[in-house]
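Have a look at the structure below, then the notes.
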Amino acid sequence: MTGDDETLLLLSAYADGELSPGEVLAMERRLAAEPDLRARAARLRGLSGAVRATLAEVPAPETLRGRIVRQIGFADPEPRRSRLGAWPALAATLVAGIAIGASLGGIVPLGTAEAPSPVGEAVLAGHLRGLAAPQPFDIASADGHVVKPWFNGRTTIAPDAPDLSDRGYPLVGGRIDIVDGQPVPTLVYRHDRHVISVTVVPATGGAQAGEARRDGTFLERWEAGDLTYWAVSDLNARDLRGFVELYRARTARPR
């Protein structure tokens, strides 16, 4: 097998979400440094988009949906949402590839016509990749004093990881995601069967706090000091906002 063949296989595995966290980091660094490889990735995104558009027109069988739900732990849609409306997007995303498929289309800010945020797309891709993995974390722990120092040496940011289990949001671990070509920390919480990812990146300045949504997944963004926080989950917007308010209250620095 040639080096070119190996690169193509790695790129395909990356698109299918089959690489380990370390391999994902190496691939995304290569994409940032190699224009030809980025061009290949773009062609693969086009193919994934075509597959996704085709599959979205065909409702997936309920039996297939049930098997995937049991395997990866997706929560059933909220009662207020159409099952047929939510399921094709989920099935298409899984088949087309979590890592690259997440960048297709745009995040839709609520009540605005803003352009999609590249950082938000990368954060969402990390969340979906975590859901598709056997576990949505690289380190499993409910102890913030274990999770926070685990990020030291792996990223330049080690966020506070408060215990929110008394309010129904237990910490379950942390992982490394890639945003703008750099490793960043993500805290992982749960609420019932829902996963909540809290990804922390350096603040770029000028970003306003707000919420966005895409295919039933909600994102909340806010800034604290020199950091920007993104909370991502398929929780409904009200419950995710409640989580964010609780997290911010528990991590607020005394004045």
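Within each chain, counting starts at residue 1; across the structure tokens, chains are named A, B, ... in the order shown, with ligands numbered 1 upward in that order.
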Fewer than 6 positions away in the same chain doesn't count, so skip those; otherwise give me all residues within 12 Å of A:Trp150, counting only C-alpha atoms, as a list of chain:residue names. A:Asp138, A:Ile139, A:Ala140, A:Ser141, A:Asp143, A:Gly144, A:Thr156, A:Ile157, A:Ala158, A:Pro159, A:Asp160, A:Ala161, A:Gly173, A:Gly174, A:Arg175, A:Ile176, A:Pro185, A:Thr186, A:Leu187
Dump of C-alpha atoms for the selected residues, as a short mmCIF file (atom, residue, chain, number, x, y, z; two decimals), in the first residue's frame:
data_model
loop_
_atom_site.label_atom_id
_atom_site.label_comp_id
_atom_site.auth_asym_id
_atom_site.auth_seq_id
_atom_site.Cartn_x
_atom_site.Cartn_y
_atom_site.Cartn_z
CA ASP A 138 -11.52 10.60 26.80
CA ILE A 139 -11.36 10.57 30.61
CA ALA A 140 -14.27 9.25 32.69
CA SER A 141 -14.68 10.92 36.07
CA ASP A 143 -14.67 14.54 40.09
CA GLY A 144 -13.84 18.00 38.78
CA THR A 156 -3.60 25.50 26.99
CA ILE A 157 -6.91 25.79 28.86
CA ALA A 158 -7.98 23.85 31.95
CA PRO A 159 -11.59 24.92 32.67
CA ASP A 160 -13.37 24.60 36.00
CA ALA A 161 -15.48 21.44 36.16
CA GLY A 173 -15.73 13.26 32.12
CA GLY A 174 -13.80 15.32 29.62
CA ARG A 175 -12.29 15.06 26.15
CA ILE A 176 -10.10 16.93 23.69
CA PRO A 185 -10.98 21.12 26.35
CA THR A 186 -14.54 19.84 26.45
CA LEU A 187 -16.32 18.96 29.68
#
All helix (DSSP H, G or I) positions in stretch 187-245 of chain A, as a PyMOL selection string: chain A and resi 237-245
Go through A:Leu128, A:Ile178, A:Ala252, A:Val172 and flag the residue nearest A:Ser233, using only C-alpha atoms for the distances.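 Nearest candidate to A:Ser233 out of A:Leu128, A:Ile178, A:Ala252, A:Val172: A:Leu128.
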Which of these residues is nearest to A:Gly216, using only C-alpha atoms: A:Leu164, A:Leu124, A:Val147, A:Val201?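 Closest residue, counting only C-alpha atoms: A:Leu124.
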Between atom CA of A:Leu240 and atom CA of A:Leu131, measure the distance and give it in Å to one decimal. 17.0 Å
Residues within 6 Å of A:Thr228, please, as an MDAnalysis selection string. Count only C-alpha atoms; anything in the same chain fewer than 2 positions from it doesn't count. chainID A and resid 200:203 222:223
Give me the residues within 12 Å of A:Arg221 as number ranges by chain, counting only C-alpha atoms and dropping any in the same chain fewer than 3 places off. A: 109, 117, 119-120, 123-124, 197-201, 203, 207-213, 218, 224, 227-232, 240-241, 244-245, 248
Could you write out the selected residues, including N, CA, C and O atoms, as a short mmCIF file (atom, residue, chain, number, x, y, z; two decimals), in the first residue's frame?
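File again_20.cif, as written:
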data_model
loop_
_atom_site.label_atom_id
_atom_site.label_comp_id
_atom_site.auth_asym_id
_atom_site.auth_seq_id
_atom_site.Cartn_x
_atom_site.Cartn_y
_atom_site.Cartn_z
N PRO A 109 -28.78 30.73 13.79
CA PRO A 109 -29.02 31.53 14.99
C PRO A 109 -30.50 31.83 15.14
O PRO A 109 -31.17 32.14 14.16
N SER A 117 -21.18 30.34 12.13
CA SER A 117 -19.91 30.57 12.81
C SER A 117 -18.99 29.37 12.59
O SER A 117 -19.36 28.25 12.94
N VAL A 119 -16.36 28.59 14.24
CA VAL A 119 -16.06 28.02 15.55
C VAL A 119 -17.24 27.18 16.03
O VAL A 119 -17.07 26.07 16.54
N GLY A 120 -18.44 27.70 15.87
CA GLY A 120 -19.62 26.95 16.26
C GLY A 120 -19.75 25.65 15.50
O GLY A 120 -20.13 24.61 16.07
N VAL A 123 -17.24 23.24 17.03
CA VAL A 123 -17.72 22.79 18.34
C VAL A 123 -18.83 21.75 18.17
O VAL A 123 -18.85 20.71 18.84
N LEU A 124 -19.77 22.01 17.26
CA LEU A 124 -20.85 21.07 17.00
C LEU A 124 -20.30 19.75 16.47
O LEU A 124 -20.75 18.66 16.87
N SER A 197 -22.14 18.90 26.10
CA SER A 197 -20.72 19.21 25.91
C SER A 197 -20.48 20.68 26.21
O SER A 197 -21.20 21.54 25.70
N VAL A 198 -19.47 20.97 27.02
CA VAL A 198 -19.08 22.35 27.29
C VAL A 198 -17.65 22.52 26.76
O VAL A 198 -16.69 22.04 27.37
N THR A 199 -17.53 23.16 25.61
CA THR A 199 -16.23 23.36 24.97
C THR A 199 -15.75 24.77 25.24
O THR A 199 -16.52 25.73 25.12
N VAL A 200 -14.46 24.91 25.59
CA VAL A 200 -13.91 26.19 25.99
C VAL A 200 -12.78 26.56 25.04
O VAL A 200 -11.85 25.77 24.83
N VAL A 201 -12.86 27.76 24.46
CA VAL A 201 -11.86 28.24 23.50
C VAL A 201 -11.41 29.63 23.90
O VAL A 201 -12.10 30.32 24.66
N ALA A 203 -11.15 33.50 23.87
CA ALA A 203 -12.08 34.52 23.39
C ALA A 203 -11.44 35.30 22.25
O ALA A 203 -10.26 35.62 22.28
N ALA A 207 -17.52 38.69 20.28
CA ALA A 207 -18.56 37.67 20.18
C ALA A 207 -19.63 37.92 21.24
O ALA A 207 -19.32 38.11 22.40
N GLN A 208 -20.87 37.95 20.80
CA GLN A 208 -21.97 38.18 21.71
C GLN A 208 -22.52 36.87 22.23
O GLN A 208 -22.51 35.86 21.55
N ALA A 209 -22.96 36.89 23.49
CA ALA A 209 -23.60 35.71 24.04
C ALA A 209 -24.89 35.44 23.27
O ALA A 209 -25.54 36.36 22.79
N GLY A 210 -25.24 34.19 23.12
CA GLY A 210 -26.46 33.88 22.40
C GLY A 210 -26.64 32.39 22.23
O GLY A 210 -25.87 31.59 22.74
N GLU A 211 -27.69 32.02 21.51
CA GLU A 211 -28.01 30.63 21.29
C GLU A 211 -28.19 30.39 19.81
O GLU A 211 -28.43 31.31 19.02
N ALA A 212 -28.00 29.14 19.42
CA ALA A 212 -28.17 28.75 18.02
C ALA A 212 -28.71 27.33 18.02
O ALA A 212 -28.71 26.64 19.04
N ARG A 213 -29.17 26.89 16.85
CA ARG A 213 -29.69 25.53 16.77
C ARG A 213 -29.37 24.95 15.40
O ARG A 213 -29.17 25.68 14.43
N PHE A 218 -29.03 22.21 20.15
CA PHE A 218 -28.95 23.60 20.57
C PHE A 218 -27.56 23.93 21.07
O PHE A 218 -26.87 23.09 21.66
N ALA A 224 -16.42 34.61 29.38
CA ALA A 224 -16.04 34.89 30.76
C ALA A 224 -14.54 35.15 30.78
O ALA A 224 -13.75 34.24 30.49
N LEU A 227 -11.99 33.81 27.90
CA LEU A 227 -12.43 32.53 27.35
C LEU A 227 -13.86 32.63 26.81
O LEU A 227 -14.67 33.40 27.31
N THR A 228 -14.13 31.84 25.78
CA THR A 228 -15.49 31.69 25.25
C THR A 228 -15.95 30.26 25.50
O THR A 228 -15.22 29.31 25.23
N TYR A 229 -17.16 30.13 26.03
CA TYR A 229 -17.73 28.84 26.36
C TYR A 229 -18.86 28.51 25.39
O TYR A 229 -19.66 29.38 25.04
N TRP A 230 -18.92 27.25 24.98
CA TRP A 230 -20.00 26.74 24.14
C TRP A 230 -20.61 25.53 24.82
O TRP A 230 -19.90 24.56 25.11
N ALA A 231 -21.91 25.55 25.09
CA ALA A 231 -22.63 24.40 25.61
C ALA A 231 -23.50 23.84 24.49
O ALA A 231 -24.25 24.59 23.86
N VAL A 232 -23.39 22.55 24.23
CA VAL A 232 -24.08 21.92 23.10
C VAL A 232 -24.82 20.68 23.59
O VAL A 232 -24.26 19.86 24.32
N LEU A 240 -31.34 23.61 28.40
CA LEU A 240 -29.93 23.90 28.18
C LEU A 240 -29.57 25.27 28.74
O LEU A 240 -28.50 25.45 29.34
N ARG A 241 -30.46 26.23 28.58
CA ARG A 241 -30.21 27.56 29.15
C ARG A 241 -30.14 27.49 30.68
O ARG A 241 -29.32 28.15 31.30
N VAL A 244 -26.75 26.22 31.56
CA VAL A 244 -25.74 27.26 31.38
C VAL A 244 -25.77 28.25 32.55
O VAL A 244 -24.71 28.63 33.09
N GLU A 245 -26.94 28.66 32.96
CA GLU A 245 -27.05 29.60 34.08
C GLU A 245 -26.48 28.99 35.36
O GLU A 245 -25.79 29.66 36.14
N ARG A 248 -22.60 28.79 34.98
CA ARG A 248 -21.99 30.11 35.15
C ARG A 248 -22.03 30.56 36.60
O ARG A 248 -21.06 31.16 37.09
#
